[in-house]
Amino acid sequence: MSRILQKLMAMYEAMRKHFGHRAWWPSQDGADTPEGKLEICLGAILTQNTSWRNVEAALDNLRAAGRLSLTDIDAMPPEQLAELIRPAGYFNVKARRLKDFAAAVRAAAGDDVAGFLDRPAETLREELLAIRGVGLETADSMILYAAGKPSFVVDAYTFRILVRHGLIGFDDDYASVKALFESSLPDDVALWNDFHAQLVETGKRFCKKRRPQCDGCPLEPFEHDPEAGMEYL
DNA sequence: ATCCTGAGCG
DNA sequence: CGCTCGGGAT
């Protein structure tokens with residue numbers, strides 16, 4: 001139990017030493033403003049199975065068109081919204097998901113995104129998961145990065161890195177991996193924020209799907225097997 | 001050709 | 001469980 005904590009923190013320190021502080025959406029970027037919170041939520045949906053670079057292009061299109069608001073997204077025809085978010089891929093599906101999200105938030109809190117997010121993490125999580133298009137990872141991303149509340153985000157990189165380092169089995173589900181982090185790590189939003197960002201950076205750069213590049217990886221000194229669960233990850 | 005900070009449907 | 005959605009970067 002405490003051995004897991006030691007190992008996780010050692011891995012975190014190694015990643016952070018290599019990449020520097022990677023915490024996404026610092027307050028300088030306006031993450032604490034209502035507009036910033038909305039943008040993070042929309043981005044969380046747009047980035048599903050999609051690189052962030054392409055999400056930025058979609059958000060830029062929405063901003064340039066002056067439609068980066070809950071009311072506009074709620075009112076816009078799905079075809080028109082799809083055209084604006086085209087660079088993010090899956091644009092027909094995601095247009096519907098953005099509209100479902102906007103409608104759900106408006107129904108629950110009017111146009112007050114911050115108000116919608118301002119409730120206990122557990123309650124907010126249930127509320128988010130009830131929205132079609134918001135799954136486990138997307139909900140946790142919104143809670144951690146937009147609401148600024150503790151909810152550890154587990155993604156494909158997290159699975160891959162932990163499996164290859166023997167900390168979980170490839171058959172472990174989302175909830176158990178999430179619980180591993182949340183029960184081991186100190187309850188610290190800033191830490192969970194940066195930890196997830198470090199895992200993503202490590203996964204993108206080194207712990208790749210097909211051809212893991214262990215050379216130079218900050219986690220290379222830790223016991224690992226780059227072939228572990230290859231056919232499932 | 002492969003992958004990207006997935007999720008819903010049949 | 002397997003399939004689908006998709007443009008953009010490498």
# chains A, B, ... in the order shown; residues from 1 in each chain; ligands from 1
call {"tool": "closest_atom_pairs", "arguments": {"of": "chain A", "to": "chain C", "cutoff": "7 Å", "atoms": "only C-alpha atoms (C1' of nucleotides)", "output": "Markdown table"}}
result
| residue | atom | partner | partner_atom | distance |
| --- | --- | --- | --- | --- |
| A:Asn54 | CA | C:DG8 | C1' | 6.7 |
| A:Arg86 | CA | C:DG7 | C1' | 6.9 |
| A:Pro87 | CA | C:DG7 | C1' | 5.3 |
| A:Ala88 | CA | C:DG7 | C1' | 6.4 |
| A:Gly89 | CA | C:DG6 | C1' | 4.4 |
| A:Tyr90 | CA | C:DG6 | C1' | 4.8 |
| A:Val93 | CA | C:DC5 | C1' | 6.7 |
call {"tool": "write_last_selection", "arguments": {"atoms": "all heavy atoms", "output": "PDB file, in the first residue's frame"}}
result
ATOM      1  N   ASN A  54      -5.402  19.055 -33.073  1.00  0.00           N
ATOM      2  CA  ASN A  54      -6.593  19.158 -33.914  1.00  0.00           C
ATOM      3  C   ASN A  54      -7.778  19.755 -33.154  1.00  0.00           C
ATOM      4  O   ASN A  54      -8.639  20.406 -33.746  1.00  0.00           O
ATOM      5  CB  ASN A  54      -6.967  17.787 -34.474  1.00  0.00           C
ATOM      6  CG  ASN A  54      -5.915  17.261 -35.433  1.00  0.00           C
ATOM      7  OD1 ASN A  54      -5.050  17.998 -35.871  1.00  0.00           O
ATOM      8  ND2 ASN A  54      -5.993  15.991 -35.746  1.00  0.00           N
ATOM      9  N   ARG A  86     -14.827  20.413 -37.649  1.00  0.00           N
ATOM     10  CA  ARG A  86     -14.307  19.406 -38.597  1.00  0.00           C
ATOM     11  C   ARG A  86     -12.867  18.966 -38.329  1.00  0.00           C
ATOM     12  O   ARG A  86     -12.567  17.770 -38.377  1.00  0.00           O
ATOM     13  CB  ARG A  86     -14.450  19.934 -40.031  1.00  0.00           C
ATOM     14  CG  ARG A  86     -13.805  19.087 -41.089  1.00  0.00           C
ATOM     15  CD  ARG A  86     -14.056  19.654 -42.468  1.00  0.00           C
ATOM     16  NE  ARG A  86     -15.390  19.353 -42.943  1.00  0.00           N
ATOM     17  CZ  ARG A  86     -15.713  18.252 -43.619  1.00  0.00           C
ATOM     18  NH1 ARG A  86     -14.789  17.357 -43.876  1.00  0.00           N
ATOM     19  NH2 ARG A  86     -16.942  18.049 -44.015  1.00  0.00           N
ATOM     20  N   PRO A  87     -11.937  19.917 -38.026  1.00  0.00           N
ATOM     21  CA  PRO A  87     -10.541  19.499 -37.826  1.00  0.00           C
ATOM     22  C   PRO A  87     -10.355  18.484 -36.703  1.00  0.00           C
ATOM     23  O   PRO A  87      -9.352  17.776 -36.667  1.00  0.00           O
ATOM     24  CB  PRO A  87      -9.817  20.811 -37.497  1.00  0.00           C
ATOM     25  CG  PRO A  87     -10.693  21.881 -38.033  1.00  0.00           C
ATOM     26  CD  PRO A  87     -12.095  21.369 -37.952  1.00  0.00           C
ATOM     27  N   ALA A  88     -11.284  18.407 -35.765  1.00  0.00           N
ATOM     28  CA  ALA A  88     -11.121  17.494 -34.629  1.00  0.00           C
ATOM     29  C   ALA A  88     -11.549  16.062 -34.957  1.00  0.00           C
ATOM     30  O   ALA A  88     -11.418  15.171 -34.115  1.00  0.00           O
ATOM     31  CB  ALA A  88     -11.907  18.000 -33.416  1.00  0.00           C
ATOM     32  N   GLY A  89     -12.048  15.862 -36.170  1.00  0.00           N
ATOM     33  CA  GLY A  89     -12.442  14.504 -36.534  1.00  0.00           C
ATOM     34  C   GLY A  89     -13.739  14.068 -35.866  1.00  0.00           C
ATOM     35  O   GLY A  89     -14.219  14.720 -34.940  1.00  0.00           O
ATOM     36  N   TYR A  90     -14.309  12.973 -36.348  1.00  0.00           N
ATOM     37  CA  TYR A  90     -15.591  12.465 -35.813  1.00  0.00           C
ATOM     38  C   TYR A  90     -16.579  13.617 -35.677  1.00  0.00           C
ATOM     39  O   TYR A  90     -17.328  13.706 -34.706  1.00  0.00           O
ATOM     40  CB  TYR A  90     -15.420  11.814 -34.435  1.00  0.00           C
ATOM     41  CG  TYR A  90     -14.429  10.697 -34.357  1.00  0.00           C
ATOM     42  CD1 TYR A  90     -13.448  10.671 -33.369  1.00  0.00           C
ATOM     43  CD2 TYR A  90     -14.481   9.636 -35.248  1.00  0.00           C
ATOM     44  CE1 TYR A  90     -12.536   9.626 -33.284  1.00  0.00           C
ATOM     45  CE2 TYR A  90     -13.579   8.581 -35.161  1.00  0.00           C
ATOM     46  CZ  TYR A  90     -12.614   8.590 -34.186  1.00  0.00           C
ATOM     47  OH  TYR A  90     -11.720   7.563 -34.094  1.00  0.00           O
ATOM     48  N   VAL A  93     -20.437  13.001 -35.039  1.00  0.00           N
ATOM     49  CA  VAL A  93     -20.681  12.442 -33.698  1.00  0.00           C
ATOM     50  C   VAL A  93     -20.448  13.505 -32.634  1.00  0.00           C
ATOM     51  O   VAL A  93     -21.265  13.684 -31.722  1.00  0.00           O
ATOM     52  CB  VAL A  93     -19.747  11.243 -33.441  1.00  0.00           C
ATOM     53  CG1 VAL A  93     -19.909  10.740 -32.013  1.00  0.00           C
ATOM     54  CG2 VAL A  93     -20.027  10.130 -34.430  1.00  0.00           C
TER      55      VAL A  93
END
call {"tool": "interface_residues", "arguments": {"of": "chain A", "to": "chain B", "cutoff": "6 Å", "atoms": "only C-alpha atoms (C1' of nucleotides)", "output": "number ranges by chain"}}
result
A: 48-51
call {"tool": "select_by_dssp", "arguments": {"residues": "range 147-194 of chain A", "states": "helix (DSSP H, G or I)", "output": "VMD selection string"}}
result
chain A and resid 156 to 164 174 to 184 189 to 194
call {"tool": "closest_atom_pairs", "arguments": {"of": "range 10-97 of chain A", "to": "range 145-160 of chain A", "cutoff": "12 Å", "atoms": "only C-alpha atoms", "output": "Markdown table"}}
result
| residue | atom | partner | partner_atom | distance |
| --- | --- | --- | --- | --- |
| A:Ala23 | CA | A:Tyr145 | CA | 9.4 |
| A:Trp24 | CA | A:Tyr145 | CA | 7.5 |
| A:Trp25 | CA | A:Tyr145 | CA | 7.0 |
| A:Pro26 | CA | A:Tyr145 | CA | 9.2 |
| A:Ser27 | CA | A:Tyr145 | CA | 10.6 |
| A:Asp29 | CA | A:Ala146 | CA | 11.9 |
| A:Gly30 | CA | A:Ala146 | CA | 10.5 |
| A:Ala31 | CA | A:Ala146 | CA | 6.8 |
| A:Asp32 | CA | A:Ala146 | CA | 7.8 |
| A:Thr33 | CA | A:Ala146 | CA | 9.6 |
| A:Pro34 | CA | A:Ala146 | CA | 9.3 |
| A:Glu35 | CA | A:Ala146 | CA | 10.3 |
| A:Gly36 | CA | A:Ala146 | CA | 7.8 |
| A:Lys37 | CA | A:Ala146 | CA | 4.8 |
| A:Leu38 | CA | A:Ala146 | CA | 7.6 |
| A:Glu39 | CA | A:Ala146 | CA | 8.5 |
| A:Ile40 | CA | A:Ala146 | CA | 5.7 |
| A:Cys41 | CA | A:Ala146 | CA | 6.5 |
| A:Leu42 | CA | A:Ala146 | CA | 10.1 |
| A:Gly43 | CA | A:Ala146 | CA | 10.2 |
| A:Ala44 | CA | A:Tyr145 | CA | 9.3 |
| A:Thr47 | CA | A:Asp155 | CA | 11.8 |
| A:Gln48 | CA | A:Asp155 | CA | 10.3 |
| A:Asn49 | CA | A:Ala156 | CA | 9.6 |
call {"tool": "closest_residue", "arguments": {"among": "A:Ile131, A:Arg3, A:Ile85, A:Glu126", "to": "Ala103 in chain A", "atoms": "only C-alpha atoms"}}
result
A:Ile131
call {"tool": "closest_residue", "arguments": {"among": "A:Leu98, A:Leu84, A:Gly20, A:Ala58", "to": "Leu70 in chain A", "atoms": "only C-alpha atoms"}}
result
A:Leu98
call {"tool": "atom_distance", "arguments": {"atom1": "CA of Ser69 in chain A", "atom2": "CA of Ala102 in chain A"}}
result
8.6 Å
call {"tool": "atom_distance", "arguments": {"atom1": "CA of Val200 in chain A", "atom2": "CA of Ile161 in chain A"}}
result
9.6 Å
call {"tool": "closest_residue", "arguments": {"among": "A:Pro226, A:Pro221, A:Gly135, A:Gly216", "to": "Tyr174 in chain A", "atoms": "only C-alpha atoms"}}
result
A:Gly135
call {"tool": "atom_distance", "arguments": {"atom1": "CA of Arg164 in chain A", "atom2": "CA of Asp225 in chain A"}}
result
5.1 Å
call {"tool": "residues_around", "arguments": {"residues": "Lys94 in chain A", "least_positions_apart": "6", "cutoff": "8 Å", "atoms": "only C-alpha atoms (C1' of nucleotides)", "output": "VMD selection string"}}
result
chain A and resid 45 to 46 82 133
call {"tool": "write_last_selection", "arguments": {"atoms": "N, CA and C atoms", "output": "PDB file, in the first residue's frame"}}
result
ATOM      1  N   ILE A  45     -14.439  16.795 -24.717  1.00  0.00           N
ATOM      2  CA  ILE A  45     -15.241  15.991 -25.644  1.00  0.00           C
ATOM      3  C   ILE A  45     -14.557  15.895 -27.002  1.00  0.00           C
ATOM      4  N   LEU A  46     -14.051  17.035 -27.467  1.00  0.00           N
ATOM      5  CA  LEU A  46     -13.420  17.059 -28.797  1.00  0.00           C
ATOM      6  C   LEU A  46     -12.163  16.211 -28.869  1.00  0.00           C
ATOM      7  N   ALA A  82     -20.916  20.902 -36.881  1.00  0.00           N
ATOM      8  CA  ALA A  82     -20.001  19.875 -37.389  1.00  0.00           C
ATOM      9  C   ALA A  82     -18.955  20.486 -38.314  1.00  0.00           C
ATOM     10  N   GLY A 133     -22.307  10.853 -24.509  1.00  0.00           N
ATOM     11  CA  GLY A 133     -21.086  11.383 -25.099  1.00  0.00           C
ATOM     12  C   GLY A 133     -20.020  11.689 -24.053  1.00  0.00           C
TER      13      GLY A 133
END
call {"tool": "decode", "arguments": {"residues": "chain B", "atoms": "C-alpha atoms (C1' of nucleotides)", "output": "compact mmCIF listing (two decimals), in the first residue's frame"}}
result
# COMPACT_ATOMS: atom_id res chain seq x y z
C1' DA B 1 0.42 3.06 -42.94
C1' DT B 2 -0.39 4.37 -38.01
C1' DC B 3 -2.06 6.85 -34.19
C1' DC B 4 -4.35 10.50 -31.67
C1' DT B 5 -5.55 12.67 -23.73
C1' DG B 6 -13.09 7.48 -26.35
C1' DA B 7 -17.76 6.49 -26.29
C1' DG B 8 -22.18 4.64 -28.01
C1' DC B 9 -24.50 1.35 -30.48
C1' DG B 10 -25.94 -3.36 -32.26
